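For reference, structure25.cif (mmCIF, C-alpha atoms):
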```
data_data
#
loop_
_atom_site.label_atom_id
_atom_site.label_comp_id
_atom_site.auth_asym_id
_atom_site.auth_seq_id
_atom_site.Cartn_x
_atom_site.Cartn_y
_atom_site.Cartn_z
CA MET W 24 11.66 33.66 -0.88
CA TRP W 25 12.45 30.90 1.59
CA PRO W 26 10.32 30.52 4.69
CA GLU W 27 11.87 31.39 8.00
CA GLY W 28 12.64 29.42 11.09
CA GLU W 29 11.09 26.02 11.56
CA ALA W 30 9.44 25.87 8.16
CA SER W 31 12.76 26.17 6.38
CA VAL W 32 14.30 23.35 8.41
CA ARG W 33 11.24 21.25 7.64
CA LEU W 34 11.72 21.92 3.95
CA ALA W 35 15.39 21.01 4.05
CA ALA W 36 14.73 17.88 6.10
CA THR W 37 12.03 16.72 3.69
CA ALA W 38 14.28 17.16 0.68
CA LEU W 39 17.27 15.44 2.28
CA THR W 40 15.18 12.54 3.55
CA ILE W 41 13.74 11.67 0.20
CA MET W 42 17.04 12.28 -1.59
CA VAL W 43 19.03 9.86 0.51
CA GLY W 44 16.21 7.42 0.98
CA VAL W 45 15.67 6.51 -2.65
CA LEU W 46 19.30 5.78 -3.53
CA SER W 47 19.46 2.20 -2.29
CA PRO W 48 16.04 1.07 -3.50
CA ALA W 49 16.86 2.43 -6.95
CA PHE W 50 19.96 0.26 -7.14
CA ALA W 51 18.14 -2.69 -5.66
CA ILE W 52 15.32 -2.61 -8.17
CA GLY W 53 17.77 -2.19 -11.02
CA TRP W 54 19.74 -5.26 -9.89
CA ILE W 55 16.59 -7.30 -9.48
CA GLY W 56 15.42 -6.32 -12.94
CA SER W 57 18.73 -7.10 -14.58
CA LYS W 58 18.98 -10.53 -12.95
CA ALA W 59 15.43 -11.27 -14.00
CA MET W 60 16.22 -10.29 -17.57
CA GLU W 61 19.24 -12.58 -17.59
CA ALA W 62 17.16 -15.43 -16.25
CA ILE W 63 14.47 -14.89 -18.86
CA GLY W 64 17.10 -14.79 -21.55
CA ARG W 65 18.46 -18.10 -20.44
CA ASN W 66 15.12 -19.80 -20.06
CA PRO W 67 12.33 -18.07 -21.96
CA GLU W 68 9.81 -20.75 -21.05
CA ALA W 69 9.92 -19.87 -17.37
CA SER W 70 9.35 -16.19 -18.06
CA GLY W 71 5.92 -16.21 -16.40
CA GLY W 72 7.22 -17.39 -13.06
CA ILE W 73 10.31 -15.22 -13.26
CA LEU W 74 8.21 -12.16 -14.02
CA THR W 75 5.93 -12.81 -11.07
CA SER W 76 8.82 -13.27 -8.69
CA MET W 77 10.51 -10.18 -10.04
CA ILE W 78 7.44 -8.05 -9.44
CA LEU W 79 7.11 -9.42 -5.93
CA VAL W 80 10.71 -8.75 -4.96
CA ALA W 81 10.70 -5.35 -6.68
CA ALA W 82 7.69 -4.37 -4.61
CA LEU W 83 9.52 -5.43 -1.47
CA ALA W 84 12.49 -3.27 -2.45
CA GLU W 85 10.27 -0.38 -3.39
CA ALA W 86 8.68 -0.51 0.04
CA ILE W 87 11.96 0.80 1.47
CA ALA W 88 11.70 3.85 -0.75
CA ILE W 89 8.11 4.23 0.38
CA TYR W 90 9.20 4.27 4.03
CA ALA W 91 11.54 7.17 3.20
CA LEU W 92 8.72 8.91 1.35
CA VAL W 93 6.31 8.50 4.25
CA VAL W 94 8.85 9.96 6.67
CA ALA W 95 9.48 12.87 4.30
CA LEU W 96 5.78 13.57 3.93
CA ALA W 97 5.27 13.26 7.66
CA ILE W 98 8.01 15.83 8.22
CA LYS W 99 6.47 18.17 5.72
CA PHE W 100 2.78 17.83 6.48
CA ALA W 101 2.43 16.76 10.09
CA MET K 8 -10.47 21.31 -40.90
CA ASN K 9 -8.60 18.47 -42.45
CA LEU K 10 -5.75 17.51 -40.17
CA GLY K 11 -3.97 15.51 -42.84
CA ALA K 12 -4.01 18.38 -45.29
CA ALA K 13 -2.95 20.83 -42.58
CA LEU K 14 0.05 18.77 -41.65
CA LYS K 15 1.37 18.90 -45.16
CA THR K 16 1.82 22.64 -45.42
CA ARG K 17 4.39 24.53 -43.42
CA ARG K 18 1.87 27.09 -42.31
CA GLY K 19 -0.51 24.33 -41.24
CA ARG K 20 2.14 22.72 -39.08
CA PHE K 21 3.03 26.05 -37.52
CA VAL K 22 -0.57 26.78 -36.60
CA LEU K 23 -1.02 23.29 -35.21
CA ILE K 24 2.02 23.65 -32.97
CA LEU K 25 0.72 27.01 -31.79
CA VAL K 26 -2.65 25.49 -30.94
CA VAL K 27 -1.08 22.65 -28.98
CA LEU K 28 1.15 25.01 -27.05
CA GLY K 29 -1.82 27.22 -26.35
CA ILE K 30 -3.72 24.33 -24.84
CA VAL K 31 -0.74 23.38 -22.72
CA ALA K 32 -0.36 26.94 -21.55
CA LEU K 33 -4.03 27.21 -20.70
CA CYS K 34 -3.83 24.05 -18.67
CA GLY K 35 -0.92 25.36 -16.69
CA ILE K 36 -2.30 28.81 -16.14
CA GLY K 37 -3.47 27.98 -12.67
CA VAL K 38 0.07 28.05 -11.36
CA PHE K 39 0.76 31.57 -12.51
CA GLY K 40 -2.74 32.79 -11.86
CA GLY K 41 -2.18 32.53 -8.14
CA GLU K 42 -4.27 29.48 -7.31
CA LYS K 43 -3.37 27.97 -4.01
CA LEU K 44 -2.14 24.49 -3.28
CA PRO K 45 -4.83 22.25 -1.83
CA VAL K 46 -4.59 21.17 1.77
CA ILE K 47 -2.71 17.92 2.13
CA SER K 48 -3.00 16.36 5.53
CA LEU K 49 -1.30 13.16 6.58
CA ALA K 50 -3.95 12.29 9.14
CA ALA K 51 -7.47 11.63 8.00
CA GLU K 52 -9.71 14.62 8.42
CA GLU K 53 -12.67 14.26 10.74
CA ILE K 54 -16.18 14.74 9.44
CA PRO K 55 -18.32 16.35 12.15
CA LEU K 56 -21.53 14.48 12.87
CA PRO K 57 -24.74 15.90 14.31
CA PHE K 58 -25.13 12.80 16.46
CA SER K 59 -22.69 10.96 18.69
CA LEU K 60 -21.41 7.44 18.06
CA PRO K 61 -20.19 5.15 20.84
CA PHE K 62 -16.56 4.71 19.78
CA TYR K 63 -15.92 7.65 17.53
CA GLY K 64 -17.69 10.42 19.34
CA ASN K 65 -18.82 13.43 17.37
CA HIS K 66 -16.84 12.84 14.25
CA ILE K 67 -15.73 10.04 12.01
CA PRO K 68 -12.59 9.92 9.90
CA ASN K 69 -13.36 10.62 6.29
CA THR K 70 -11.85 7.36 5.08
CA LEU K 71 -14.68 5.47 6.75
CA PRO K 72 -17.34 6.26 4.10
CA SER K 73 -14.88 5.13 1.44
CA THR K 74 -14.44 1.82 3.24
CA PHE K 75 -18.21 1.40 3.36
CA LEU K 76 -18.45 2.21 -0.34
CA THR K 77 -15.86 -0.43 -1.17
CA MET K 78 -17.62 -2.98 0.99
CA ALA K 79 -20.95 -2.12 -0.60
CA ILE K 80 -19.52 -2.60 -4.10
CA LEU K 81 -18.02 -5.97 -3.27
CA ILE K 82 -21.09 -7.23 -1.42
CA LEU K 83 -23.38 -6.13 -4.26
CA ILE K 84 -21.22 -7.94 -6.80
CA GLY K 85 -21.36 -11.03 -4.63
CA LEU K 86 -25.12 -10.89 -4.26
CA ALA K 87 -25.60 -10.27 -7.96
CA TYR K 88 -23.41 -13.25 -8.77
CA ASN K 89 -25.37 -15.38 -6.35
CA ARG K 90 -28.59 -14.47 -8.10
CA ALA K 91 -27.09 -14.95 -11.54
CA GLN K 92 -25.90 -18.39 -10.57
CA ARG K 93 -29.45 -19.59 -9.93
CA GLN K 94 -30.68 -18.59 -13.35
CA GLU K 95 -31.25 -21.23 -15.99
CA GLY K 96 -29.66 -21.19 -19.38
CA PRO K 97 -26.25 -20.13 -20.60
CA PRO K 98 -24.30 -17.96 -18.18
CA SER K 99 -24.45 -14.22 -18.69
CA ARG K 100 -21.40 -12.10 -19.35
CA PHE K 101 -21.38 -10.80 -15.80
CA ARG K 102 -21.29 -14.32 -14.44
CA VAL K 103 -18.52 -15.32 -16.83
CA ALA K 104 -16.48 -12.29 -15.85
CA VAL K 105 -16.78 -12.92 -12.11
CA GLU K 106 -15.95 -16.59 -12.56
CA ALA K 107 -12.95 -15.69 -14.72
CA VAL K 108 -11.56 -13.40 -12.05
CA ALA K 109 -12.09 -15.94 -9.27
CA GLU K 110 -10.62 -18.78 -11.29
CA GLY K 111 -7.66 -16.66 -12.27
CA MET K 112 -6.89 -15.95 -8.64
CA LEU K 113 -7.33 -19.57 -7.63
CA ASP K 114 -5.06 -20.79 -10.42
CA PHE K 115 -2.40 -18.30 -9.46
CA MET K 116 -2.57 -19.39 -5.85
CA GLU K 117 -2.43 -23.05 -6.74
CA ASN K 118 0.69 -22.39 -8.77
CA ALA K 119 2.28 -20.65 -5.85
CA VAL K 120 1.19 -22.75 -2.91
CA GLY K 121 -0.15 -26.08 -4.03
CA GLU K 122 -2.93 -27.96 -2.36
CA ASN K 123 -3.59 -25.53 0.49
CA ALA K 124 -4.69 -22.85 -1.97
CA ARG K 125 -8.36 -23.63 -1.47
CA ILE K 126 -8.09 -23.04 2.25
CA PHE K 127 -6.25 -19.77 1.85
CA PHE K 128 -8.34 -18.56 -1.06
CA PRO K 129 -11.15 -16.69 0.73
CA LEU K 130 -8.92 -14.47 2.84
CA VAL K 131 -6.25 -13.80 0.24
CA ALA K 132 -8.73 -13.08 -2.53
CA THR K 133 -10.61 -10.75 -0.20
CA PHE K 134 -7.43 -8.85 0.56
CA PHE K 135 -6.71 -8.44 -3.14
CA LEU K 136 -10.23 -7.40 -4.10
CA PHE K 137 -10.75 -5.06 -1.16
CA ILE K 138 -7.45 -3.25 -1.63
CA ALA K 139 -7.75 -3.01 -5.41
CA VAL K 140 -11.35 -1.79 -5.34
CA SER K 141 -10.74 0.71 -2.54
CA ASN K 142 -7.70 2.11 -4.35
CA TRP K 143 -9.67 2.45 -7.55
CA CYS K 144 -12.54 4.11 -5.72
CA GLY K 145 -10.05 6.66 -4.47
CA ILE K 146 -9.64 8.17 -7.93
CA LEU K 147 -13.35 8.53 -8.59
CA PRO K 148 -14.48 12.14 -9.04
CA GLY K 149 -15.76 13.53 -5.78
CA PHE K 150 -13.14 11.92 -3.62
CA GLY K 151 -11.19 14.62 -1.87
CA SER K 152 -13.18 17.48 -3.35
CA VAL K 153 -16.77 17.32 -2.07
CA GLY K 154 -17.14 17.95 1.61
CA VAL K 155 -18.11 20.26 4.45
CA LEU K 156 -16.38 23.13 6.06
CA ALA K 157 -15.25 22.46 9.58
CA PRO K 158 -13.10 24.35 12.03
CA HIS K 159 -9.46 23.77 11.45
CA HIS K 160 -8.26 21.34 14.08
CA ALA K 161 -4.54 21.03 13.72
CA GLU K 162 -2.67 24.16 14.73
CA GLU K 163 0.85 22.99 14.12
CA THR K 164 0.61 22.13 10.44
CA ALA K 165 2.13 24.38 7.81
CA VAL K 166 0.07 27.29 6.58
CA ALA K 167 -3.42 26.14 5.66
CA GLU K 168 -4.20 27.31 2.20
CA HIS K 169 -7.62 26.50 0.91
CA GLU K 170 -9.07 25.50 -2.39
CA VAL K 171 -10.36 28.58 -4.08
CA GLU K 172 -13.92 27.76 -4.94
CA HIS K 173 -14.99 25.97 -1.76
CA GLU K 174 -13.70 28.28 0.89
CA GLU K 175 -14.98 30.96 3.10
CA GLU K 176 -12.74 32.11 5.87
CA ALA K 177 -14.69 32.50 9.04
CA VAL K 178 -12.54 34.68 11.19
CA ALA K 179 -13.52 34.89 14.83
CA GLU K 180 -11.61 36.40 17.67
CA HIS K 181 -11.09 34.28 20.74
CA GLY K 182 -10.93 36.25 23.92
CA GLU K 183 -7.60 37.95 24.25
CA GLY K 184 -5.59 36.04 21.64
CA GLU K 185 -5.19 36.84 17.95
CA GLU K 186 -6.14 33.38 16.77
CA HIS K 187 -8.59 32.97 13.95
CA VAL K 188 -10.95 30.01 13.63
CA GLU K 189 -10.11 29.07 10.08
CA MET K 190 -12.39 26.70 8.31
CA GLU K 191 -10.95 23.92 6.27
CA LEU K 192 -12.57 21.71 3.70
CA VAL K 193 -13.20 18.23 5.07
CA PRO K 194 -13.92 15.93 2.13
CA PHE K 195 -16.61 13.33 2.67
CA PHE K 196 -14.65 10.66 0.90
CA ARG K 197 -10.97 9.94 0.89
CA SER K 198 -9.10 6.93 -0.41
CA ALA K 199 -9.59 4.27 2.25
CA ASN K 200 -5.99 3.10 2.35
CA ALA K 201 -4.71 6.64 2.80
CA HIS K 202 -5.39 6.25 6.49
CA LEU K 203 -2.89 4.29 8.51
CA SER K 204 -5.67 2.67 10.54
CA THR K 205 -7.08 0.82 7.54
CA THR K 206 -3.75 -0.54 6.39
CA LEU K 207 -2.74 -1.40 9.95
CA ALA K 208 -5.98 -3.32 10.40
CA LEU K 209 -5.39 -5.27 7.19
CA ALA K 210 -1.81 -6.03 8.18
CA ILE K 211 -2.77 -7.23 11.66
CA VAL K 212 -5.42 -9.51 10.20
CA SER K 213 -2.87 -10.89 7.76
CA VAL K 214 -0.24 -11.68 10.38
CA ALA K 215 -2.78 -13.05 12.87
CA ALA K 216 -4.31 -15.25 10.18
CA ALA K 217 -0.85 -16.65 9.37
CA GLN K 218 -0.48 -17.72 12.99
CA TYR K 219 -4.00 -19.16 12.96
CA PHE K 220 -3.32 -21.21 9.85
CA GLY K 221 -0.02 -22.36 11.29
CA PHE K 222 -1.71 -23.73 14.38
CA LYS K 223 -4.55 -25.19 12.38
CA MET K 224 -2.34 -27.08 9.96
CA GLN K 225 0.42 -28.12 12.25
CA GLY K 226 -1.22 -28.28 15.63
CA ALA K 227 0.85 -27.53 18.67
CA SER K 228 4.09 -28.35 16.87
CA TYR K 229 3.80 -24.97 15.21
CA LEU K 230 5.27 -23.61 18.42
CA ASN K 231 8.48 -25.45 17.61
CA LYS K 232 9.29 -22.62 15.29
CA TYR K 233 9.41 -20.22 18.17
CA LEU K 234 10.40 -22.28 21.17
CA ASN K 235 13.24 -24.17 19.60
CA PHE K 236 15.44 -25.36 22.40
CA ARG K 237 17.17 -28.22 20.65
CA ALA K 238 20.43 -28.55 18.83
CA SER K 239 20.47 -28.72 15.07
CA SER K 240 23.21 -31.28 14.75
CA PRO K 241 22.45 -34.97 15.24
CA LYS K 242 23.22 -36.56 18.55
CA PRO K 243 26.69 -38.13 18.43
CA ASP K 244 27.37 -41.74 19.09
CA PRO K 245 28.23 -42.20 22.79
CA SER K 246 31.15 -44.44 21.99
CA THR K 247 33.06 -41.57 20.44
CA GLN K 248 32.49 -39.30 23.40
CA LYS K 249 35.44 -40.05 25.66
CA GLY K 250 37.28 -37.55 27.76
CA MET K 251 38.11 -34.22 26.21
CA GLU K 252 36.22 -34.92 22.97
CA GLY K 253 33.08 -35.59 24.92
CA ILE K 254 33.37 -32.37 26.90
CA ILE K 255 33.98 -30.23 23.80
CA SER K 256 31.16 -31.76 21.84
CA LYS K 257 28.80 -31.27 24.77
CA MET K 258 29.82 -27.64 24.98
CA ALA K 259 29.25 -27.20 21.27
CA ARG K 260 25.81 -28.69 21.51
CA GLY K 261 25.06 -26.52 24.50
CA MET K 262 25.95 -23.46 22.46
CA GLU K 263 23.69 -24.64 19.65
CA VAL K 264 20.76 -25.08 22.00
CA PHE K 265 21.32 -21.63 23.44
CA ILE K 266 21.58 -19.93 20.06
CA ASN K 267 18.62 -21.78 18.61
CA GLY K 268 16.58 -20.76 21.61
CA ILE K 269 17.41 -17.11 21.15
CA VAL K 270 16.74 -17.27 17.42
CA GLY K 271 13.39 -18.87 18.12
CA LEU K 272 12.42 -16.08 20.49
CA LEU K 273 13.57 -13.52 17.94
CA GLU K 274 11.22 -15.12 15.43
CA ILE K 275 8.30 -14.09 17.59
CA ILE K 276 9.44 -10.48 17.49
CA LEU K 277 10.03 -10.67 13.75
CA GLU K 278 6.55 -12.06 13.14
CA ALA K 279 5.01 -9.23 15.09
CA LEU K 280 7.16 -6.67 13.30
CA LYS K 281 5.89 -7.89 9.93
CA VAL K 282 2.83 -5.75 10.55
CA LEU K 283 4.87 -2.60 9.97
CA PRO K 284 6.13 -3.13 6.41
CA PHE K 285 2.74 -4.44 5.31
CA SER K 286 0.88 -1.42 6.54
CA PHE K 287 3.44 1.21 5.61
CA ARG K 288 3.97 -0.09 2.10
CA LEU K 289 0.28 0.14 1.30
CA PHE K 290 -0.25 3.42 3.15
CA GLY K 291 2.80 5.07 1.61
CA ASN K 292 1.94 4.08 -1.94
CA ILE K 293 -1.65 5.25 -1.74
CA PHE K 294 -1.00 8.42 0.23
CA ALA K 295 1.87 9.40 -2.06
CA GLY K 296 -0.39 8.75 -5.03
CA GLU K 297 -2.98 11.08 -3.53
CA VAL K 298 -0.41 13.82 -2.98
CA LEU K 299 0.83 13.33 -6.53
CA LEU K 300 -2.66 13.67 -7.96
CA PHE K 301 -3.32 16.80 -5.89
CA VAL K 302 -0.12 18.46 -7.01
CA VAL K 303 -0.52 17.54 -10.68
CA SER K 304 -4.12 18.75 -10.69
CA TYR K 305 -2.91 21.95 -9.11
CA LEU K 306 -0.35 22.45 -11.85
CA PHE K 307 -2.32 21.30 -14.89
CA ALA K 308 -6.06 21.24 -14.76
CA PHE K 309 -7.02 19.41 -17.92
CA VAL K 310 -4.91 17.02 -19.91
CA PHE K 311 -1.91 15.83 -17.94
CA PRO K 312 -3.63 14.44 -14.86
CA ILE K 313 -4.88 11.64 -17.13
CA ILE K 314 -1.40 10.17 -17.19
CA PHE K 315 -1.18 10.20 -13.42
CA LEU K 316 -4.67 8.81 -13.04
CA GLY K 317 -3.53 5.92 -15.19
CA LEU K 318 -0.50 5.50 -12.93
CA GLU K 319 -2.78 5.45 -9.90
CA LEU K 320 -4.94 2.75 -11.48
CA PHE K 321 -1.88 0.63 -12.04
CA VAL K 322 -0.36 1.25 -8.63
CA GLY K 323 -3.64 0.52 -6.88
CA LEU K 324 -3.97 -2.84 -8.56
CA ILE K 325 -0.33 -3.76 -8.04
CA GLN K 326 -0.45 -2.89 -4.35
CA GLY K 327 -3.46 -5.16 -3.90
CA LEU K 328 -1.61 -7.89 -5.72
CA ILE K 329 1.51 -7.40 -3.63
CA PHE K 330 -0.39 -7.49 -0.36
CA ALA K 331 -2.24 -10.63 -1.36
CA MET K 332 0.87 -12.38 -2.66
CA LEU K 333 2.94 -11.57 0.41
CA THR K 334 0.10 -12.74 2.64
CA LEU K 335 -0.04 -15.96 0.67
CA VAL K 336 3.71 -16.46 0.97
CA PHE K 337 3.59 -15.96 4.72
CA PHE K 338 0.67 -18.35 5.01
CA SER K 339 2.58 -21.00 3.12
CA ILE K 340 5.70 -20.44 5.23
CA ALA K 341 3.64 -20.81 8.37
CA THR K 342 2.01 -24.03 7.27
CA THR K 343 5.05 -25.94 6.02
CA SER K 344 7.00 -27.60 8.79
CA HIS K 345 10.43 -26.14 9.23
CA HIS K 346 12.91 -28.49 10.69
CA GLY K 347 12.37 -31.71 8.85
CA GLU K 348 14.95 -33.66 10.85
CA GLU K 349 14.42 -33.80 14.57
CA SER K 350 17.32 -34.73 16.75
CA HIS K 351 16.04 -36.89 19.57
#
```
I need this file expressed as structure tokens, please.
Amino acid sequence: MWPEGEASVRLAATALTIMVGVLSPAFAIGWIGSKAMEAIGRNPEASGGILTSMILVAALAEAIAIYALVVALAIKFA
Amino acid sequence: MNLGAALKTRRGRFVLILVVLGIVALCGIGVFGGEKLPVISLAAEEIPLPFSLPFYGNHIPNTLPSTFLTMAILILIGLAYNRAQRQEGPPSRFRVAVEAVAEGMLDFMENAVGENARIFFPLVATFFLFIAVSNWCGILPGFGSVGVLAPHHAEETAVAEHEVEHEEEAVAEHGEGEEHVEMELVPFFRSANAHLSTTLALAIVSVAAAQYFGFKMQGASYLNKYLNFRASSPKPDPSTQKGMEGIISKMARGMEVFINGIVGLLEIILEALKVLPFSFRLFGNIFAGEVLLFVVSYLFAFVFPIIFLGLELFVGLIQGLIFAMLTLVFFSIATTSHHGEESH
């Protein structure tokens, strides 16, 4: 059922890479979101600016997960 | 058949659930019917050309036609707007739409940056429009599915399994070895940002333009950010510098100069390294979206890919927005002077 030799190590490496790599960005984006929600709750008028900043910083944090994904895909497909 | 009436009876509901499950099962039948996973390659496939180009040689990467398509769309919209602007009378809907988009971007940039927004606007708006349009073009039908058969180049990838309806396996024996020349499908079009070259080019332009704007706005004093060999604390009054105090304060200031110098040189390296997150963020998002669409279309042919196409629309737009916003932020950092107080 499982491939043999190098292909199986590739498979395991891909899975481990993406597993470990998305832990920290998940927490980071959650923290960013929760702080943004608090800020909006305190000051609903500024919600436009807060939302924009939140999206910007969330994209920066998500980029770390994307690096892990690119490495995982590179292991699997190249 | 009246759906409302059917939902009221128990038998009607039962039949309806059966029909829905049947559709779902039909959509997923490809998996169990033995269809093969499409070829996913990290590097852009090369389209063989009958002629030879100076830089590329006999083949061009298949993201290049997508780039040209995106450029053609944007240039045509620009030309059409130019012509619509010269017409008399009330503006047409097309003109209003284009002006709304441009004004929206300019307003956003003026909120973020201030008075320099007009200078940054052409480049930043181009980044946003190019990336958004090229990502959206990547989900058009025909991208990734219409192409030519070419000999399989990469030998070290995992087993090459082909799409069922477009393949023929041309098996040829080479001399004494048992290798086969397997043909793979090389699509004519592929999402432009799914090639690291495109995103790297955009990132390099962005970082280089930040340096250009820094020099343009601040002149030669922009280099003070990098070659910062001065202490950050104000120069002490000479009357308090007697004996041991004087020696210690001079040493402290010497340390500050040294550390500031090293930090300044590190800034150069950091500026250059900014190219990497820019390019990899965009490349990773778009390439992962492509892989996702391939796999979902492999699993379910009909209904469920719509959800993921919607996700791709959203992600494509957001990635353009992110690239443009980060570029704008780096431009504004480069053009505001850093150390307001100089110690001379």
Query - Hits from the PyMOL selection byres ((chain W and resi 64-76) around 12), listed as a ChimeraX atom specification - result: /W:55-63,77-83 /K:115-116,118-119,325,328-329,332-333,336
At a cut-off of 9 Å, using only C-alpha atoms, what residues contact Thr74 in chain K? Leave out same-chain residues fewer than 4 positions from it and give the result as a PDB file with C-alpha atoms, in the coordinates of the input.
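Full text of selection.pdb as output:
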```
ATOM      1  CA  THR K  70     -11.850   7.360   5.080  1.00  0.00           C
ATOM      2  CA  MET K  78     -17.620  -2.980   0.990  1.00  0.00           C
ATOM      3  CA  ALA K  79     -20.950  -2.120  -0.600  1.00  0.00           C
ATOM      4  CA  PHE K 137     -10.750  -5.060  -1.160  1.00  0.00           C
ATOM      5  CA  SER K 141     -10.740   0.710  -2.540  1.00  0.00           C
ATOM      6  CA  SER K 198      -9.100   6.930  -0.410  1.00  0.00           C
ATOM      7  CA  ALA K 199      -9.590   4.270   2.250  1.00  0.00           C
ATOM      8  CA  ASN K 200      -5.990   3.100   2.350  1.00  0.00           C
ATOM      9  CA  THR K 205      -7.080   0.820   7.540  1.00  0.00           C
TER      10      THR K 205
END
```
Report task. Output the residue selection produced by the PyMOL selection byres ((chain W) within 9 of (chain K)) on the file above, formatted as number ranges by chain. Result -> W: 30, 78-79, 82-83, 85-87, 89-90, 92-93, 96-97, 99-101
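CA of Thr343 in chain K sits 24.2 Å away from CA of Phe265 in chain K.
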Where does the PyMOL selection byres ((chain K and resi 213) around 10) land in this file, that is, which residues does it pick, as a tab-separated table (two decimals) with C-alpha atoms, keeping the file's coordinate frame?
```tsv
chain	number	residue	atom	x	y	z
K	130	LEU	CA	-8.92	-14.47	2.84
K	131	VAL	CA	-6.25	-13.80	0.24
K	134	PHE	CA	-7.43	-8.85	0.56
K	207	LEU	CA	-2.74	-1.40	9.95
K	208	ALA	CA	-5.98	-3.32	10.40
K	209	LEU	CA	-5.39	-5.27	7.19
K	210	ALA	CA	-1.81	-6.03	8.18
K	211	ILE	CA	-2.77	-7.23	11.66
K	212	VAL	CA	-5.42	-9.51	10.20
K	214	VAL	CA	-0.24	-11.68	10.38
K	215	ALA	CA	-2.78	-13.05	12.87
K	216	ALA	CA	-4.31	-15.25	10.18
K	217	ALA	CA	-0.85	-16.65	9.37
K	218	GLN	CA	-0.48	-17.72	12.99
K	219	TYR	CA	-4.00	-19.16	12.96
K	281	LYS	CA	5.89	-7.89	9.93
K	282	VAL	CA	2.83	-5.75	10.55
K	285	PHE	CA	2.74	-4.44	5.31
K	330	PHE	CA	-0.39	-7.49	-0.36
K	331	ALA	CA	-2.24	-10.63	-1.36
K	333	LEU	CA	2.94	-11.57	0.41
K	334	THR	CA	0.10	-12.74	2.64
K	335	LEU	CA	-0.04	-15.96	0.67
K	337	PHE	CA	3.59	-15.96	4.72
K	338	PHE	CA	0.67	-18.35	5.01
```
Query raised in the report: What does the distance from CA of Glu191 in chain K to CA of Gly149 in chain K come to in Å, to one decimal?
Result: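 Interatomic distance, CA of Glu191 in chain K to CA of Gly149 in chain K: 16.6 Å.
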Return as lines of an AutoDock Vina configuration file the centre and edge lengths, in Å with one decimal, of the box along x, y and z that encloses every atom of range 51-65 of chain W in the file, padded by 8 Å per side.
```
center_x = 17.1
center_y = -10.1
center_z = -13.6
size_x = 21.3
size_y = 31.9
size_z = 31.9
```
Report task. Find the residue from K:Ala341, K:Val153, K:Ile30, K:Ala12 that sits nearest to Phe222 in chain K; use only C-alpha atoms when measuring. Result ->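 The answer is K:Ala341, which sits nearest to Phe222 in chain K.
Going from CA of Pro194 in chain K to CA of Gly64 in chain K covers 18.5 Å.
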Query - Contacts of Tyr233 in chain K within 8 Å, only C-alpha atoms, excl. fewer than 6 positions in-chain, as a PyMOL selection string - result: chain K and resi 268+270-275
Output file for the selection above: C-alpha atoms, as an mmCIF file, in the coordinates of the input:
```
data_model
loop_
_atom_site.group_PDB
_atom_site.id
_atom_site.type_symbol
_atom_site.label_atom_id
_atom_site.label_comp_id
_atom_site.auth_asym_id
_atom_site.auth_seq_id
_atom_site.Cartn_x
_atom_site.Cartn_y
_atom_site.Cartn_z
ATOM 1 C CA GLY K 268 16.580 -20.760 21.610
ATOM 2 C CA VAL K 270 16.740 -17.270 17.420
ATOM 3 C CA GLY K 271 13.390 -18.870 18.120
ATOM 4 C CA LEU K 272 12.420 -16.080 20.490
ATOM 5 C CA LEU K 273 13.570 -13.520 17.940
ATOM 6 C CA GLU K 274 11.220 -15.120 15.430
ATOM 7 C CA ILE K 275 8.300 -14.090 17.590
#
```
